[in-house]
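S.K.: My structure is in entry_1.cif, and what it holds is mmCIF, C-alpha atoms and all ligand atoms:
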```cif
data_target
#
loop_
_atom_site.label_atom_id
_atom_site.label_comp_id
_atom_site.auth_asym_id
_atom_site.auth_seq_id
_atom_site.Cartn_x
_atom_site.Cartn_y
_atom_site.Cartn_z
CA MET A 74 129.83 169.42 93.41
CA ALA A 75 130.08 172.40 95.79
CA LEU A 76 132.41 173.18 98.68
CA SER A 77 131.16 171.86 102.04
CA MET A 78 131.51 173.55 105.42
CA ALA A 79 134.52 171.33 106.11
CA GLY A 80 136.24 172.65 103.00
CA THR A 81 135.83 169.35 101.09
CA MET A 82 133.70 168.95 97.95
CA SER A 83 130.12 168.38 98.96
CA LYS A 84 128.16 165.81 96.96
CA THR A 85 124.54 165.27 96.05
CA ILE A 86 123.68 161.73 97.07
CA LEU A 87 120.61 159.57 96.66
CA VAL A 88 120.07 157.09 99.49
CA THR A 89 117.33 154.51 98.88
CA GLY A 90 115.86 152.75 101.91
CA ALA A 91 116.58 156.00 103.76
CA ALA A 92 114.03 155.49 106.53
CA GLY A 93 115.26 152.00 107.36
CA PHE A 94 117.79 150.89 109.93
CA ILE A 95 121.06 151.31 108.02
CA GLY A 96 119.70 153.92 105.59
CA SER A 97 118.79 156.34 108.36
CA HIS A 98 122.35 156.18 109.75
CA VAL A 99 123.89 156.61 106.29
CA VAL A 100 121.71 159.67 105.59
CA GLN A 101 122.71 161.18 108.92
CA ALA A 102 126.44 160.57 108.39
CA LEU A 103 126.48 162.00 104.86
CA ALA A 104 124.44 165.08 105.75
CA ALA A 105 126.49 165.68 108.90
CA ARG A 106 129.69 165.92 106.86
CA GLY A 107 128.14 168.41 104.43
CA ASP A 108 126.60 166.40 101.58
CA ARG A 109 123.13 167.10 100.20
CA VAL A 110 121.05 163.96 100.60
CA VAL A 111 117.85 162.86 98.92
CA GLY A 112 116.36 159.92 100.81
CA LEU A 113 113.82 157.65 99.13
CA ASP A 114 111.73 155.05 100.96
CA ASN A 115 108.30 153.52 100.43
CA LEU A 116 107.79 153.07 104.21
CA ASN A 117 106.40 149.59 103.66
CA ASP A 118 104.92 147.56 106.49
CA TYR A 119 107.38 144.65 106.55
CA TYR A 120 107.87 146.02 110.06
CA ASP A 121 105.96 148.86 111.70
CA PRO A 122 106.26 151.94 109.41
CA GLU A 123 105.95 154.06 112.53
CA ARG A 124 109.48 152.85 113.43
CA LYS A 125 110.69 154.18 110.07
CA ARG A 126 109.01 157.55 110.64
CA ALA A 127 110.62 157.62 114.07
CA ASN A 128 114.01 156.96 112.40
CA ILE A 129 113.48 159.98 110.15
CA ARG A 130 112.55 162.12 113.16
CA GLU A 131 115.69 160.98 114.98
CA VAL A 132 117.87 161.85 111.98
CA ARG A 133 116.28 165.28 111.65
CA HIS A 134 116.65 165.92 115.36
CA ALA A 135 120.36 164.97 115.32
CA LEU A 136 121.07 167.09 112.24
CA ARG A 137 119.20 170.10 113.55
CA ARG A 138 121.73 170.34 116.36
CA HIS A 139 124.44 170.93 113.71
CA ASP A 140 122.25 173.06 111.49
CA ARG A 141 122.38 170.38 108.77
CA ASP A 142 118.67 169.50 108.75
CA ALA A 143 117.96 171.49 105.59
CA SER A 144 120.41 169.43 103.53
CA VAL A 145 118.22 166.31 103.71
CA THR A 146 115.03 165.68 101.72
CA PHE A 147 113.02 162.56 102.48
CA LEU A 148 110.67 161.37 99.73
CA GLU A 149 108.12 158.60 99.91
CA GLY A 150 108.34 156.51 96.75
CA ASP A 151 108.84 153.01 95.41
CA ILE A 152 111.87 151.83 93.44
CA ARG A 153 109.65 149.36 91.56
CA HIS A 154 107.95 152.32 89.84
CA ARG A 155 110.14 153.35 86.94
CA ARG A 156 108.46 156.74 86.66
CA THR A 157 109.21 157.56 90.31
CA VAL A 158 112.86 156.67 89.84
CA SER A 159 113.13 158.55 86.53
CA ASP A 160 111.56 161.70 87.95
CA LEU A 161 114.09 161.65 90.75
CA PHE A 162 117.03 161.40 88.38
CA ALA A 163 115.58 164.09 86.14
CA ALA A 164 115.33 166.45 89.10
CA HIS A 165 118.80 165.89 90.62
CA ALA A 166 122.32 165.38 89.30
CA PHE A 167 123.50 162.72 91.71
CA ASP A 168 127.21 162.24 92.38
CA ALA A 169 126.53 158.96 94.18
CA ILE A 170 123.75 156.49 94.83
CA VAL A 171 123.64 154.39 97.97
CA HIS A 172 121.13 151.71 97.11
CA LEU A 173 119.89 150.16 100.35
CA ALA A 174 116.16 149.82 99.63
CA ALA A 175 115.25 146.17 99.68
CA MET A 176 113.14 143.49 101.21
CA ALA A 177 115.79 142.50 103.73
CA GLY A 178 114.54 139.60 105.87
CA VAL A 179 115.89 136.16 104.94
CA ARG A 180 113.05 134.03 106.32
CA PHE A 181 110.18 136.13 104.92
CA SER A 182 111.66 135.72 101.44
CA ILE A 183 110.59 132.07 101.50
CA GLU A 184 106.95 133.24 101.91
CA GLN A 185 107.17 136.07 99.36
CA PRO A 186 109.70 135.19 96.65
CA HIS A 187 107.95 137.28 93.98
CA LEU A 188 107.96 140.37 96.16
CA TYR A 189 111.69 139.91 96.82
CA HIS A 190 112.33 139.52 93.12
CA ASP A 191 110.30 142.62 92.25
CA VAL A 192 111.96 144.88 94.82
CA ASN A 193 115.49 143.51 95.00
CA VAL A 194 116.03 142.59 91.36
CA THR A 195 113.64 144.70 89.24
CA GLY A 196 113.94 147.66 91.65
CA THR A 197 117.74 147.48 91.44
CA LEU A 198 117.52 147.27 87.65
CA ASN A 199 115.39 150.44 87.63
CA MET A 200 118.05 152.20 89.69
CA LEU A 201 120.85 151.06 87.38
CA GLU A 202 119.00 152.10 84.22
CA ALA A 203 118.42 155.56 85.67
CA ALA A 204 121.99 155.84 86.99
CA VAL A 205 123.43 155.45 83.48
CA GLY A 206 120.72 157.63 81.92
CA ARG A 207 119.10 154.84 79.89
CA ASP A 208 115.63 155.45 81.31
CA GLY A 209 115.07 158.53 79.17
CA SER A 210 114.83 160.90 82.14
CA HIS A 211 118.05 162.75 81.40
CA ALA A 212 121.15 162.66 79.23
CA PRO A 213 123.84 160.43 80.82
CA ARG A 214 125.84 162.46 83.33
CA SER A 215 129.56 162.73 82.97
CA PRO A 216 131.04 161.35 85.08
CA LEU A 217 128.37 158.81 85.98
CA PRO A 218 127.43 158.64 89.66
CA VAL A 219 129.17 156.13 91.92
CA PHE A 220 126.79 153.27 92.68
CA VAL A 221 127.07 151.59 96.09
CA PHE A 222 124.88 148.52 96.50
CA ALA A 223 124.00 146.81 99.79
CA SER A 224 124.62 143.12 99.26
CA THR A 225 124.81 140.55 102.01
CA SER A 226 126.84 137.80 103.66
CA SER A 227 123.86 135.57 102.75
CA VAL A 228 125.22 135.28 99.20
CA TYR A 229 127.90 132.93 100.60
CA GLY A 230 125.07 130.47 101.34
CA GLY A 231 126.43 126.96 101.30
CA THR A 232 130.04 128.14 100.89
CA THR A 233 131.98 126.10 103.45
CA CYS A 234 135.38 127.78 103.32
CA GLN A 235 135.68 130.33 106.17
CA PRO A 236 136.42 133.17 106.64
CA PHE A 237 134.38 134.18 103.59
CA GLN A 238 136.48 135.81 100.91
CA GLU A 239 134.95 137.81 98.08
CA GLN A 240 136.39 135.61 95.34
CA ALA A 241 134.77 132.44 96.77
CA PRO A 242 132.20 130.96 94.39
CA CYS A 243 128.73 131.98 95.56
CA ALA A 244 126.51 129.68 93.57
CA ARG A 245 124.72 128.04 96.50
CA PRO A 246 122.20 130.58 97.91
CA LEU A 247 119.86 129.17 100.59
CA ALA A 248 116.91 131.59 100.26
CA PRO A 249 115.24 133.81 97.63
CA TYR A 250 116.66 136.84 99.46
CA ALA A 251 120.24 135.67 98.95
CA ALA A 252 119.62 134.87 95.28
CA SER A 253 118.01 138.29 94.71
CA LYS A 254 121.01 140.09 96.22
CA GLN A 255 123.41 138.05 94.15
CA ALA A 256 121.38 139.05 91.09
CA GLY A 257 121.89 142.71 92.09
CA GLU A 258 125.67 142.19 92.21
CA LEU A 259 125.60 140.55 88.77
CA LEU A 260 123.45 143.30 87.24
CA GLY A 261 125.92 145.83 88.65
CA HIS A 262 128.68 144.12 86.72
CA VAL A 263 126.67 144.37 83.50
CA TYR A 264 126.21 148.14 83.93
CA HIS A 265 129.88 148.53 84.78
CA HIS A 266 130.89 146.53 81.72
CA LEU A 267 128.50 148.16 79.24
CA HIS A 268 128.40 151.73 80.54
CA GLY A 269 131.47 152.16 82.75
CA LEU A 270 129.38 152.62 85.91
CA ALA A 271 131.53 152.50 89.07
CA PHE A 272 129.70 149.86 91.11
CA THR A 273 130.69 148.63 94.56
CA ALA A 274 128.71 145.83 96.15
CA LEU A 275 129.17 145.75 99.92
CA ARG A 276 128.41 142.39 101.49
CA LEU A 277 127.13 143.39 104.91
CA PHE A 278 127.43 140.97 107.84
CA THR A 279 124.67 140.92 110.56
CA VAL A 280 124.37 144.60 111.40
CA TYR A 281 123.03 145.64 114.82
CA GLY A 282 122.68 148.85 116.81
CA PRO A 283 120.30 151.78 117.47
CA ARG A 284 117.27 151.90 115.12
CA GLY A 285 117.83 148.18 114.48
CA ARG A 286 115.31 146.09 112.61
CA PRO A 287 112.70 144.54 114.90
CA ASP A 288 112.79 141.29 112.87
CA MET A 289 116.52 140.75 113.45
CA MET A 290 118.01 138.52 116.09
CA ALA A 291 119.68 141.26 118.15
CA TRP A 292 116.41 143.15 118.55
CA LYS A 293 114.33 140.04 119.16
CA VAL A 294 116.64 138.64 121.83
CA LEU A 295 116.70 141.99 123.67
CA ASP A 296 112.95 142.48 123.34
CA ASN A 297 112.08 138.94 124.47
CA MET A 298 114.54 139.15 127.34
CA PHE A 299 113.22 142.46 128.53
CA PHE A 300 109.57 141.40 128.40
CA ASP A 301 110.38 138.00 129.89
CA ARG A 302 109.38 136.03 126.80
CA GLU A 303 111.23 132.92 125.69
CA VAL A 304 114.36 133.52 123.64
CA PRO A 305 114.81 130.85 120.94
CA LEU A 306 118.26 129.33 121.22
CA TYR A 307 118.79 128.17 117.65
CA HIS A 308 121.16 125.30 117.03
CA ALA A 309 121.89 125.00 120.79
CA GLY A 310 123.29 128.55 120.68
CA GLN A 311 126.08 127.46 118.33
CA LEU A 312 124.83 129.48 115.37
CA ARG A 313 127.63 131.99 114.78
CA ARG A 314 127.38 135.47 113.34
CA ASP A 315 129.90 138.15 112.46
CA TRP A 316 127.88 140.85 114.32
CA THR A 317 128.88 144.31 113.14
CA PHE A 318 127.92 147.58 114.77
CA VAL A 319 126.03 149.94 112.49
CA ASP A 320 128.49 152.87 112.85
CA ASP A 321 131.28 150.69 111.46
CA ILE A 322 129.08 149.68 108.52
CA VAL A 323 128.26 153.34 107.85
CA ARG A 324 131.97 154.23 107.78
CA GLY A 325 132.44 151.49 105.18
CA VAL A 326 129.52 152.75 103.09
CA VAL A 327 130.82 156.32 103.17
CA GLY A 328 134.28 155.01 102.24
CA ALA A 329 132.75 153.34 99.19
CA VAL A 330 130.91 156.54 98.20
CA ASP A 331 134.21 158.41 98.23
CA ARG A 332 136.24 155.80 96.32
CA PRO A 333 134.99 154.78 92.88
CA LEU A 334 136.62 151.40 92.31
CA GLY A 335 135.38 150.28 88.91
CA TYR A 336 133.58 147.06 89.80
CA GLU A 337 134.27 145.56 93.21
CA VAL A 338 132.58 143.27 95.72
CA VAL A 339 133.71 143.94 99.28
CA ASN A 340 132.87 142.31 102.63
CA LEU A 341 131.90 144.64 105.50
CA GLY A 342 131.91 142.79 108.79
CA ARG A 343 133.92 142.87 111.98
CA GLY A 344 135.85 139.72 111.18
CA VAL A 345 135.06 138.14 114.55
CA PRO A 346 132.29 135.53 114.58
CA VAL A 347 130.45 135.16 117.89
CA SER A 348 128.02 132.39 118.84
CA LEU A 349 124.40 133.20 119.64
CA ALA A 350 124.96 131.83 123.17
CA GLU A 351 127.85 134.27 123.70
CA PHE A 352 125.85 137.15 122.21
CA ILE A 353 123.02 136.45 124.66
CA THR A 354 125.45 136.35 127.59
CA VAL A 355 126.87 139.79 126.68
CA LEU A 356 123.31 141.12 126.41
CA GLU A 357 122.37 139.59 129.78
CA ASP A 358 125.38 141.23 131.44
CA CYS A 359 124.46 144.57 129.90
CA VAL A 360 120.74 144.45 130.70
CA GLY A 361 121.17 142.81 134.10
CA ARG A 362 118.57 140.10 133.40
CA LYS A 363 118.68 136.43 132.49
CA ALA A 364 117.12 135.26 129.23
CA ARG A 365 114.53 132.45 129.34
CA LEU A 366 116.10 130.22 126.73
CA ALA A 367 114.12 127.73 124.64
CA ALA A 368 115.91 125.24 122.39
CA ALA A 369 115.03 125.78 118.73
CA PRO A 370 116.17 124.03 115.54
CA MET A 371 118.30 125.80 112.99
CA PRO A 372 115.97 127.75 110.59
CA GLU A 373 116.22 126.11 107.18
CA ALA A 374 117.21 129.23 105.22
CA ASP A 375 119.84 130.38 107.73
CA MET A 376 123.55 129.79 107.54
CA ALA A 377 125.15 128.03 110.52
CA SER A 378 128.04 130.45 110.66
CA THR A 379 129.26 133.67 109.02
CA HIS A 380 132.77 135.08 109.20
CA ALA A 381 134.00 137.97 107.07
CA ASP A 382 137.51 138.30 105.74
CA ILE A 383 137.77 142.09 105.79
CA SER A 384 141.25 142.51 104.37
CA LYS A 385 139.86 143.79 101.04
CA ALA A 386 137.73 146.42 102.80
CA ARG A 387 140.76 147.53 104.80
CA ALA A 388 142.88 147.85 101.67
CA LEU A 389 140.33 149.44 99.30
CA LEU A 390 138.08 151.45 101.62
CA GLY A 391 140.34 152.24 104.58
CA TYR A 392 137.79 150.31 106.65
CA HIS A 393 138.68 149.57 110.27
CA PRO A 394 135.82 148.40 112.50
CA ARG A 395 136.17 150.07 115.89
CA ILE A 396 133.24 148.91 118.00
CA ASP A 397 133.58 145.59 119.82
CA LEU A 398 130.59 143.53 120.86
CA SER A 399 130.20 144.72 124.45
CA GLU A 400 130.54 148.39 123.46
CA GLY A 401 128.08 147.90 120.58
CA ILE A 402 125.54 146.08 122.73
CA ASN A 403 125.84 148.76 125.39
CA ARG A 404 125.07 151.46 122.82
CA PHE A 405 122.18 149.43 121.42
CA TRP A 406 120.74 148.89 124.93
CA THR A 407 121.11 152.59 125.81
CA TRP A 408 119.18 153.55 122.67
CA TYR A 409 116.53 150.84 123.20
CA LYS A 410 115.90 151.97 126.80
CA LYS A 411 115.56 155.61 125.84
CA THR A 412 113.54 155.10 122.67
CA MET A 413 111.46 152.00 123.23
CA LEU A 414 111.04 152.01 127.01
CA ASP A 415 111.26 155.75 127.57
CA VAL A 416 113.60 155.38 130.59
N1 LIG A 501 120.70 144.71 108.57
C1 LIG A 501 121.56 143.79 108.16
O1 LIG A 501 122.15 143.05 108.96
C2 LIG A 501 121.86 143.61 106.70
C3 LIG A 501 122.77 142.60 106.34
C4 LIG A 501 123.05 142.43 104.98
C5 LIG A 501 122.51 143.26 104.04
N2 LIG A 501 121.64 144.23 104.43
C6 LIG A 501 121.07 145.07 103.38
O2 LIG A 501 121.18 146.42 103.77
C7 LIG A 501 120.06 147.17 103.29
C8 LIG A 501 119.38 147.91 104.43
O3 LIG A 501 118.91 146.94 105.35
P1 LIG A 501 118.24 147.34 106.74
O4 LIG A 501 118.65 146.31 107.72
O5 LIG A 501 118.47 148.76 107.02
O6 LIG A 501 116.71 147.05 106.39
P2 LIG A 501 115.42 147.98 106.53
O7 LIG A 501 114.27 147.09 106.16
O8 LIG A 501 115.40 148.64 107.85
O9 LIG A 501 115.65 149.05 105.40
C9 LIG A 501 115.25 148.89 104.06
C10 LIG A 501 114.37 150.05 103.70
O10 LIG A 501 114.01 149.92 102.33
C11 LIG A 501 112.67 150.36 102.18
N3 LIG A 501 112.10 149.73 101.00
C12 LIG A 501 111.76 148.42 100.83
N4 LIG A 501 111.21 148.23 99.63
C13 LIG A 501 111.22 149.44 99.00
C14 LIG A 501 110.75 149.89 97.74
N5 LIG A 501 110.17 149.03 96.89
N6 LIG A 501 110.92 151.18 97.40
C15 LIG A 501 111.50 152.05 98.28
N7 LIG A 501 111.92 151.69 99.50
C16 LIG A 501 111.79 150.40 99.86
C17 LIG A 501 111.98 149.88 103.45
O11 LIG A 501 110.80 150.60 103.73
C18 LIG A 501 113.06 150.07 104.49
O12 LIG A 501 112.91 151.32 105.17
C19 LIG A 501 119.15 146.17 102.58
O13 LIG A 501 119.45 146.21 101.21
C20 LIG A 501 119.58 144.85 103.17
O14 LIG A 501 119.32 143.78 102.29
C21 LIG A 501 121.29 144.42 105.73
#
```
Taking this structure as input, can you express it in the form of structure tokens?

M.R.:
Amino acid sequence: MALSMAGTMSKTILVTGAAGFIGSHVVQALAARGDRVVGLDNLNDYYDPERKRANIREVRHALRRHDRDASVTFLEGDIRHRRTVSDLFAAHAFDAIVHLAAMAGVRFSIEQPHLYHDVNVTGTLNMLEAAVGRDGSHAPRSPLPVFVFASTSSVYGGTTCQPFQEQAPCARPLAPYAASKQAGELLGHVYHHLHGLAFTALRLFTVYGPRGRPDMMAWKVLDNMFFDREVPLYHAGQLRRDWTFVDDIVRGVVGAVDRPLGYEVVNLGRGVPVSLAEFITVLEDCVGRKARLAAAPMPEADMASTHADISKARALLGYHPRIDLSEGINRFWTWYKKTMLDV
């Protein structure tokens, strides 16, 4: 580790999924505070790869203003390829790994379960093997890097007890995606147990904000509303989500990078579930248009309601979500107008 501009120790950090929604924000935050960041992404076409390239451009543009552009390297590569991963670990001594690369859509996982298994389970295994130096690319580093894994509220699946607490049994996943993320958490425990890897699984709750994923509800509602298409009102609008603004999530991720905890699973949400109907109303107020609502049944792989208990994140990570829904939606709308509508 070297001294950063801020006088703190600067780290070398690998961020996988770096061109994606959350990854691009994490890369930006780490580089802005003085860390050296290697970003890996295969720029797949689950949604338009041009959006991912645009995310990278936005990150570079923002960092250039603070003269931090040079501390980020973006690489195109696939975590399923062991050689790619090994080469990366042979070339850099990482202090931390933020493993966000994944197939992330719940519904698409029903169509492509093998793909989800390959990327989310085997890909994560490749990262863990390399992190502890078992892939033959390098001698194990001492200390081992901190491993932060993006898990999901979806692992709570059929858990009925709300708010969701980390110790609740999570043996009832509703989609291949949820099962694959749970497998990642379990593999993390194995590498902690056998090799002493510090592994923190962050269960993220419905993240929204600038550079959001076009397949997610927040983006789709805004997009449909703006272009006067029907907005599906699932479950009569009573589907509830613990919407969490991306900047809050990033603060939680950075907190986990800075605090090796042994093995921990930690919820990152806002702790305030909001119904889809209410979410749409806040968007309507912000955009100044009415949505054309169309009743739609509850999608079979979706949970009816998510609600994070965030007391563990507060205690272990110093996590305090700051952005409420109307502020977050305002920021999302401002970005969407500027970036997608060019106004
Ligand atoms: N957005 C949310 O609300 C949310 C909620 C819970 C968990 N998560 C998790 O957070 C992480 C980031 O999600 P996101 O919303 O930013 O999704 P995203 O799809 O925007 O980002 C994931 C990135 O990973 C990359 N990727 C996929 N397969 C890869 C591979 N084989 N090799 C290298 N790169 C690959 C993709 O190209 C993409 O850029 C994911 O692990 C996701 O499961 C997200």

S.K.: Give me the chain A side of the contact with ligand LIG 501 (chain A), cut-off 6 Å, one line per residue showing its nearest atom pair and distance in Å at one decimal, counting only C-alpha atoms and all ligand atoms, sorted by chain and residue number, as a tab-separated table.

M.R.:
```
residue	atom	partner	partner_atom	distance
A:Gly90	CA	A:LIG501	O10	3.4
A:Ala92	CA	A:LIG501	O12	4.5
A:Gly93	CA	A:LIG501	O12	3.3
A:Phe94	CA	A:LIG501	O5	3.7
A:Ile95	CA	A:LIG501	O5	3.8
A:Gly96	CA	A:LIG501	O5	5.5
A:Asp114	CA	A:LIG501	N7	3.7
A:Asn115	CA	A:LIG501	C15	4.1
A:Leu116	CA	A:LIG501	O11	3.9
A:Asn117	CA	A:LIG501	O11	4.5
A:Gly150	CA	A:LIG501	C15	5.7
A:Asp151	CA	A:LIG501	N6	3.4
A:Ile152	CA	A:LIG501	N6	4.1
A:Arg153	CA	A:LIG501	N5	5.4
A:Leu173	CA	A:LIG501	O13	4.1
A:Ala174	CA	A:LIG501	O10	3.5
A:Ala175	CA	A:LIG501	C12	4.3
A:Met176	CA	A:LIG501	C12	5.1
A:Ala177	CA	A:LIG501	O14	4.0
A:Val192	CA	A:LIG501	N5	5.0
A:Ala223	CA	A:LIG501	O13	4.8
A:Ser224	CA	A:LIG501	C5	5.2
A:Thr225	CA	A:LIG501	C4	3.9
A:Leu277	CA	A:LIG501	C4	4.2
A:Phe278	CA	A:LIG501	C3	5.2
A:Thr279	CA	A:LIG501	O1	3.7
A:Val280	CA	A:LIG501	O1	3.6
A:Arg286	CA	A:LIG501	O8	5.4
```

S.K.: Kindly indicate which residue among A:Lys363, A:Arg284, A:His262, A:Arg395 lies nearest to A:Thr412, using all atoms listed in the file for the distances.

M.R.: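 Looking only at the distances to A:Thr412, the closest residue turns out to be A:Arg284.
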
S.K.: Taking all atoms listed in the file into account, which of A:Ala102, A:Val179, A:Leu148, A:Val294 comes nearest A:Lys254?

M.R.: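 When distances to A:Lys254 are compared using all atoms listed in the file, the smallest one comes from A:Val179.
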
S.K.: When distances are computed from all atoms listed in the file, which of A:Met413, A:Val99, A:Val194, A:Val132 shows the smallest separation from A:Pro287?

M.R.: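 Closest to A:Pro287 of all the choices is A:Met413.
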
S.K.: So how many Å separate atom CA of A:Glu149 and atom CA of A:Phe318, to one decimal?

M.R.: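 It comes out at 27.1 Å.
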
S.K.: For stretch 399-405 of chain A, please output as an MDAnalysis selection string all residues within 7 Å (counting all atoms listed in the file; exclusion window: fewer than 2 positions along the same chain).

M.R.: chainID A and resid 282:283 318 355:356 359 396:397 407:409

S.K.: For the residues in the current selection, export C-alpha atoms as a PDB file, keeping the file's coordinate frame.

M.R.:
```pdb
ATOM      1  CA  GLY A 282     122.680 148.850 116.810  1.00  0.00           C
ATOM      2  CA  PRO A 283     120.300 151.780 117.470  1.00  0.00           C
ATOM      3  CA  PHE A 318     127.920 147.580 114.770  1.00  0.00           C
ATOM      4  CA  VAL A 355     126.870 139.790 126.680  1.00  0.00           C
ATOM      5  CA  LEU A 356     123.310 141.120 126.410  1.00  0.00           C
ATOM      6  CA  CYS A 359     124.460 144.570 129.900  1.00  0.00           C
ATOM      7  CA  ILE A 396     133.240 148.910 118.000  1.00  0.00           C
ATOM      8  CA  ASP A 397     133.580 145.590 119.820  1.00  0.00           C
ATOM      9  CA  THR A 407     121.110 152.590 125.810  1.00  0.00           C
ATOM     10  CA  TRP A 408     119.180 153.550 122.670  1.00  0.00           C
ATOM     11  CA  TYR A 409     116.530 150.840 123.200  1.00  0.00           C
TER      12      TYR A 409
END
```

S.K.: From (133.3, 151.1, 87.3), in the file's coordinates, out to 7 Å: which residues are reached, counting only C-alpha atoms? Answer as an MDAnalysis selection string.

M.R.: chainID A and resid 265 269:272 333:336

S.K.: Nearest residue to A:Gly230 out of A:Glu373, A:Asp331, A:Glu337, A:Asp415, using only C-alpha atoms?

M.R.: A:Glu373

S.K.: Kindly indicate which residue among A:Glu202, A:Asp208, A:Glu357, A:Asp301 lies nearest to A:Tyr264, using only C-alpha atoms for the distances.

M.R.: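 So, comparing all the options, the nearest one is A:Glu202.
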
S.K.: Of the residues A:Tyr307, A:Phe147, A:Phe237, A:Trp292, which is the one nearest to A:Pro370, using only C-alpha atoms?

M.R.: A:Tyr307

S.K.: Take atom CA of A:Ala244 and atom CA of A:Pro186 and report the distance between them in Å, one decimal.

M.R.: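 Going from atom CA of A:Ala244 over to atom CA of A:Pro186, I get 18.0 Å.
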
S.K.: What lies within 12 Å of A:Thr232 using all atoms listed in the file, ignoring chain neighbours under 4 positions off, as a list of chain:residue names?

M.R.: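 Listing them by chain and then by number gives A:Ser226, A:Ser227, A:Val228, A:Pro236, A:Phe237, A:Gln238, A:Glu239, A:Gln240, A:Ala241, A:Pro242, A:Cys243, A:Ala244, A:Arg245, A:Pro246, A:Leu247, A:Met376, A:Ala377, A:Ser378, A:Thr379, A:His380.
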
S.K.: What does the distance from atom CA of A:Lys385 to atom CA of A:Tyr281 come to in Å, to one decimal?

M.R.: 21.8 Å

S.K.: Please put the answer as lines of an AutoDock Vina configuration file: centre and edge lengths, in Å with one decimal, of a box along x, y and z that encloses all listed atoms of stretch 390-406 of chain A plus 4 Å on each side.

M.R.:
```
center_x = 130.5
center_y = 147.9
center_z = 113.5
size_x = 27.6
size_y = 16.7
size_z = 31.8
```

S.K.: Which neighbours of A:Val111 fall inside 9 Å, counting only C-alpha atoms, when residues of the same chain fewer than 2 positions from it are skipped, and could you give them as a short mmCIF file (atom, residue, chain, number, x, y, z; two decimals) with C-alpha atoms, keeping the file's coordinate frame?

M.R.:
```
data_model
loop_
_atom_site.label_atom_id
_atom_site.label_comp_id
_atom_site.auth_asym_id
_atom_site.auth_seq_id
_atom_site.Cartn_x
_atom_site.Cartn_y
_atom_site.Cartn_z
CA THR A 85 124.54 165.27 96.05
CA ILE A 86 123.68 161.73 97.07
CA LEU A 87 120.61 159.57 96.66
CA VAL A 88 120.07 157.09 99.49
CA THR A 89 117.33 154.51 98.88
CA ALA A 91 116.58 156.00 103.76
CA VAL A 100 121.71 159.67 105.59
CA ARG A 109 123.13 167.10 100.20
CA LEU A 113 113.82 157.65 99.13
CA SER A 144 120.41 169.43 103.53
CA VAL A 145 118.22 166.31 103.71
CA THR A 146 115.03 165.68 101.72
CA PHE A 147 113.02 162.56 102.48
CA LEU A 148 110.67 161.37 99.73
CA HIS A 165 118.80 165.89 90.62
#
```
